[in-house]
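Novice: Below is the structure I would like to discuss, written out as structure tokens.
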Number of protein chains: 2
Amino acid sequence: MSRQLDEVDRTILREMTSDARQTIRALAATVGLSEPSVRDRLQRLERDGVITGYHAALDPASVDADTTAFVALRFTMSAKAEVNAALAGDPRVLEVHEVAGEDCYWLKVRVAGTGPLAETLDHIRAIPSVTGTSTTIVLRTVFERPLGVDASGPR
Amino acid sequence: MSRQLDEVDRTILREMTSDARQTIRALAATVGLSEPSVRDRLQRLERDGVITGYHAALDPASVDADTTAFVALRFTMSAKAEVNAALAGDPRVLEVHEVAGEDCYWLKVRVAGTGPLAETLDHIRAIPSVTGTSTTIVLRTVFERPLGVDASGPR
DNA sequence: GTTGAAAGAGCATAGTT
DNA sequence: AACTATGCTCTTTCAAC
């Protein structure tokens, strides 16, 4: 179990969530500690698994992925491992959630338009043990943001 | 309109998507160009808006947000602006998509359990013009990954 | 696009409190 | 856990090609 986070840790996480490429020096200036201290804390947060990685966020339109859809996927639940592997191998599938209430997965997929979406669905339906899909197209994404430190105690 | 991406650009994007804190030097080594060139390309990708930011990814459990749910939100569509602002002001709401087929939004929320989820729903339902919600709880997230360069041309 | 060099910024280490 | 000192690495900005 990772240790409790104090205010300094939270500030570091908040800062790195909004700009992961800023320097230790800049971080140290905003949290008000020395560089080695901040570096130690950052490394501890990484080692403890609080920070799981640093990722560049890409503009969907620039990488030909400006069509988003959610796909409810019904399949034989005993074949989970194979289905998971097949989905993980398709880079158009960005998220896979097992949801309550319907014995199925919800996927978030991102593709280059409705044509590629159809191909993606073909590909998904070709996975053995998949029995059906139900797709909801996203007309417009109002916003999307990374998980922050303040998700639990706000408002 | 941003220029077409070549193979080197794609490699840079792929690398920065998987580790956004690596140095220009390391990047240059993997793409096989000089440091100044790689730095120029990276800056161009940032300026052109292909890279929209760099974010630390946090472990949901470590920041008290290990309960995920999707919320279908029905509301008076004429009040979009107010609804958008209210949702944007709630850090537990990570995504908001306008979807086809039902005249509503789909939200992704992340909270510290079912109690906080109930409070979040209370808060959302208290937004003027909201007429109803329908919530689907995520039992398990199989995987989640950042948008990559290969979303369009895979397999 | 390249190399090479020089200056400054940033980082890691060690030693202290 | 925190600090200061120091040496090393990396980046940046030139030049010339």
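Chain labels run A, B, ... following the order of the structure tokens; each chain numbers its residues from 1, and ligands are numbered from 1 in the order shown.
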Could the residues of chain A that have an atom at most 8 Å from chain C be listed as a Markdown table, each with its closest atom pair and the distance in Å to one decimal, counting only C-alpha atoms (C1' of nucleotides) and ordered by chain and ascending residue number?
Specialist:
```
| residue | atom | partner | partner_atom | distance |
| --- | --- | --- | --- | --- |
| A:Thr23 | CA | C:DG10 | C1' | 7.4 |
| A:Ile24 | CA | C:DG10 | C1' | 7.8 |
| A:Arg25 | CA | C:DG10 | C1' | 7.2 |
```
Novice: Identify, with DSSP run on backbone atoms, the residues in region 34-121 of chain B assigned to strand (DSSP E or B), and express the list as a PyMOL selection string.
Specialist: chain B and resi 51-58+67-75+93-99+104-111
Novice: Could you take the residues named above and write them with N, CA and C atoms, as a JSON list (two decimals), in the first residue's frame?
Specialist:
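And here's result_10.json as it stands now:
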```json
[["chain", "number", "residue", "atom", "x", "y", "z"],
["B", 51, "ILE", "N", 0.66, 17.59, -31.03],
["B", 51, "ILE", "CA", 0.80, 17.25, -29.61],
["B", 51, "ILE", "C", 0.07, 18.34, -28.82],
["B", 52, "THR", "N", -0.92, 17.93, -28.04],
["B", 52, "THR", "CA", -1.71, 18.95, -27.33],
["B", 52, "THR", "C", -1.27, 19.12, -25.88],
["B", 53, "GLY", "N", -0.37, 18.26, -25.42],
["B", 53, "GLY", "CA", 0.10, 18.41, -24.05],
["B", 53, "GLY", "C", 0.82, 17.17, -23.58],
["B", 54, "TYR", "N", 1.42, 17.28, -22.42],
["B", 54, "TYR", "CA", 2.11, 16.15, -21.79],
["B", 54, "TYR", "C", 1.53, 15.98, -20.40],
["B", 55, "HIS", "N", 1.08, 14.78, -20.10],
["B", 55, "HIS", "CA", 0.40, 14.57, -18.83],
["B", 55, "HIS", "C", 0.91, 13.37, -18.08],
["B", 56, "ALA", "N", 1.10, 13.53, -16.77],
["B", 56, "ALA", "CA", 1.37, 12.37, -15.93],
["B", 56, "ALA", "C", 0.07, 11.58, -15.79],
["B", 57, "ALA", "N", 0.15, 10.27, -15.91],
["B", 57, "ALA", "CA", -1.01, 9.40, -15.68],
["B", 57, "ALA", "C", -0.95, 8.91, -14.24],
["B", 58, "LEU", "N", -2.05, 9.04, -13.54],
["B", 58, "LEU", "CA", -2.08, 8.66, -12.12],
["B", 58, "LEU", "C", -2.82, 7.35, -11.93],
["B", 67, "THR", "N", -13.49, 4.01, -8.58],
["B", 67, "THR", "CA", -14.81, 3.61, -9.06],
["B", 67, "THR", "C", -15.13, 4.43, -10.30],
["B", 68, "THR", "N", -15.37, 3.71, -11.40],
["B", 68, "THR", "CA", -15.66, 4.37, -12.67],
["B", 68, "THR", "C", -17.10, 4.11, -13.05],
["B", 69, "ALA", "N", -17.76, 5.09, -13.64],
["B", 69, "ALA", "CA", -19.12, 4.89, -14.13],
["B", 69, "ALA", "C", -19.35, 5.73, -15.38],
["B", 70, "PHE", "N", -20.24, 5.25, -16.22],
["B", 70, "PHE", "CA", -20.71, 6.04, -17.35],
["B", 70, "PHE", "C", -22.11, 6.53, -17.03],
["B", 71, "VAL", "N", -22.36, 7.79, -17.29],
["B", 71, "VAL", "CA", -23.65, 8.39, -16.97],
["B", 71, "VAL", "C", -24.26, 8.96, -18.24],
["B", 72, "ALA", "N", -25.42, 8.45, -18.61],
["B", 72, "ALA", "CA", -26.17, 9.06, -19.71],
["B", 72, "ALA", "C", -26.99, 10.19, -19.12],
["B", 73, "LEU", "N", -26.82, 11.38, -19.66],
["B", 73, "LEU", "CA", -27.42, 12.57, -19.07],
["B", 73, "LEU", "C", -28.42, 13.20, -20.03],
["B", 74, "ARG", "N", -29.68, 13.23, -19.62],
["B", 74, "ARG", "CA", -30.71, 13.89, -20.42],
["B", 74, "ARG", "C", -30.95, 15.28, -19.87],
["B", 75, "PHE", "N", -31.05, 16.23, -20.75],
["B", 75, "PHE", "CA", -31.27, 17.61, -20.31],
["B", 75, "PHE", "C", -31.82, 18.42, -21.47],
["B", 93, "VAL", "N", -15.84, 14.49, -13.16],
["B", 93, "VAL", "CA", -16.30, 14.23, -14.53],
["B", 93, "VAL", "C", -15.10, 14.33, -15.46],
["B", 94, "LEU", "N", -14.67, 13.19, -15.97],
["B", 94, "LEU", "CA", -13.44, 13.17, -16.78],
["B", 94, "LEU", "C", -13.71, 13.35, -18.27],
["B", 95, "GLU", "N", -14.87, 12.90, -18.73],
["B", 95, "GLU", "CA", -15.18, 13.03, -20.15],
["B", 95, "GLU", "C", -16.64, 13.37, -20.34],
["B", 96, "VAL", "N", -16.92, 14.15, -21.37],
["B", 96, "VAL", "CA", -18.29, 14.46, -21.75],
["B", 96, "VAL", "C", -18.40, 14.34, -23.26],
["B", 97, "HIS", "N", -19.27, 13.44, -23.71],
["B", 97, "HIS", "CA", -19.47, 13.23, -25.15],
["B", 97, "HIS", "C", -20.93, 13.46, -25.49],
["B", 98, "GLU", "N", -21.14, 14.15, -26.59],
["B", 98, "GLU", "CA", -22.49, 14.28, -27.10],
["B", 98, "GLU", "C", -22.68, 13.13, -28.09],
["B", 99, "VAL", "N", -23.67, 12.27, -27.82],
["B", 99, "VAL", "CA", -23.81, 11.08, -28.64],
["B", 99, "VAL", "C", -25.05, 11.14, -29.52],
["B", 104, "CYS", "N", -28.68, 13.05, -25.79],
["B", 104, "CYS", "CA", -28.10, 13.22, -24.46],
["B", 104, "CYS", "C", -26.58, 13.13, -24.49],
["B", 105, "TYR", "N", -26.00, 13.40, -23.33],
["B", 105, "TYR", "CA", -24.56, 13.31, -23.14],
["B", 105, "TYR", "C", -24.22, 11.98, -22.49],
["B", 106, "TRP", "N", -23.05, 11.51, -22.81],
["B", 106, "TRP", "CA", -22.49, 10.41, -22.03],
["B", 106, "TRP", "C", -21.29, 10.94, -21.28],
["B", 107, "LEU", "N", -21.28, 10.72, -19.98],
["B", 107, "LEU", "CA", -20.17, 11.18, -19.16],
["B", 107, "LEU", "C", -19.37, 9.99, -18.65],
["B", 108, "LYS", "N", -18.10, 10.19, -18.49],
["B", 108, "LYS", "CA", -17.31, 9.22, -17.74],
["B", 108, "LYS", "C", -16.91, 9.88, -16.43],
["B", 109, "VAL", "N", -17.26, 9.26, -15.33],
["B", 109, "VAL", "CA", -16.91, 9.84, -14.02],
["B", 109, "VAL", "C", -16.06, 8.85, -13.24],
["B", 110, "ARG", "N", -15.22, 9.41, -12.39],
["B", 110, "ARG", "CA", -14.35, 8.56, -11.59],
["B", 110, "ARG", "C", -14.37, 9.10, -10.17],
["B", 111, "VAL", "N", -14.73, 8.23, -9.22],
["B", 111, "VAL", "CA", -14.91, 8.67, -7.83],
["B", 111, "VAL", "C", -14.36, 7.63, -6.85]]
```
Novice: Once you count only C-alpha atoms (C1' of nucleotides), which residues of chain A turn out to be within 9 Å of chain D? Could you give them as a ChimeraX atom specification?
Specialist: /A:33-34,36-37
Novice: Keeping only N, CA and C atoms, take the residues you just selected and write them out as a short mmCIF file (atom, residue, chain, number, x, y, z; two decimals), in the first residue's frame.
Specialist:
```cif
data_model
loop_
_atom_site.label_atom_id
_atom_site.label_comp_id
_atom_site.auth_asym_id
_atom_site.auth_seq_id
_atom_site.Cartn_x
_atom_site.Cartn_y
_atom_site.Cartn_z
N LEU A 33 10.21 23.77 -2.36
CA LEU A 33 11.25 22.93 -1.75
C LEU A 33 12.48 22.95 -2.65
N SER A 34 13.55 22.34 -2.17
CA SER A 34 14.77 22.28 -2.98
C SER A 34 14.61 21.23 -4.09
N PRO A 36 16.60 18.65 -5.01
CA PRO A 36 16.75 17.23 -4.63
C PRO A 36 15.52 16.68 -3.89
N SER A 37 14.92 17.47 -3.05
CA SER A 37 13.74 17.00 -2.32
C SER A 37 12.60 16.69 -3.28
#
```
Novice: Would you mind telling me which residue in B:Val149, B:Ala65, B:Val130, B:Leu139 lies nearest to Leu117 (chain B) when using only C-alpha atoms?
Specialist: B:Ala65
Novice: Could you give me, as a list in words, the residues within 9 Å of Thr30 (chain A), counting only C-alpha atoms (C1' of nucleotides) and dropping anything in the same chain fewer than 5 positions from it?
Specialist: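 These residues fall inside the cut-off: Thr11, Ile12, Glu15 and Arg25 of chain A.
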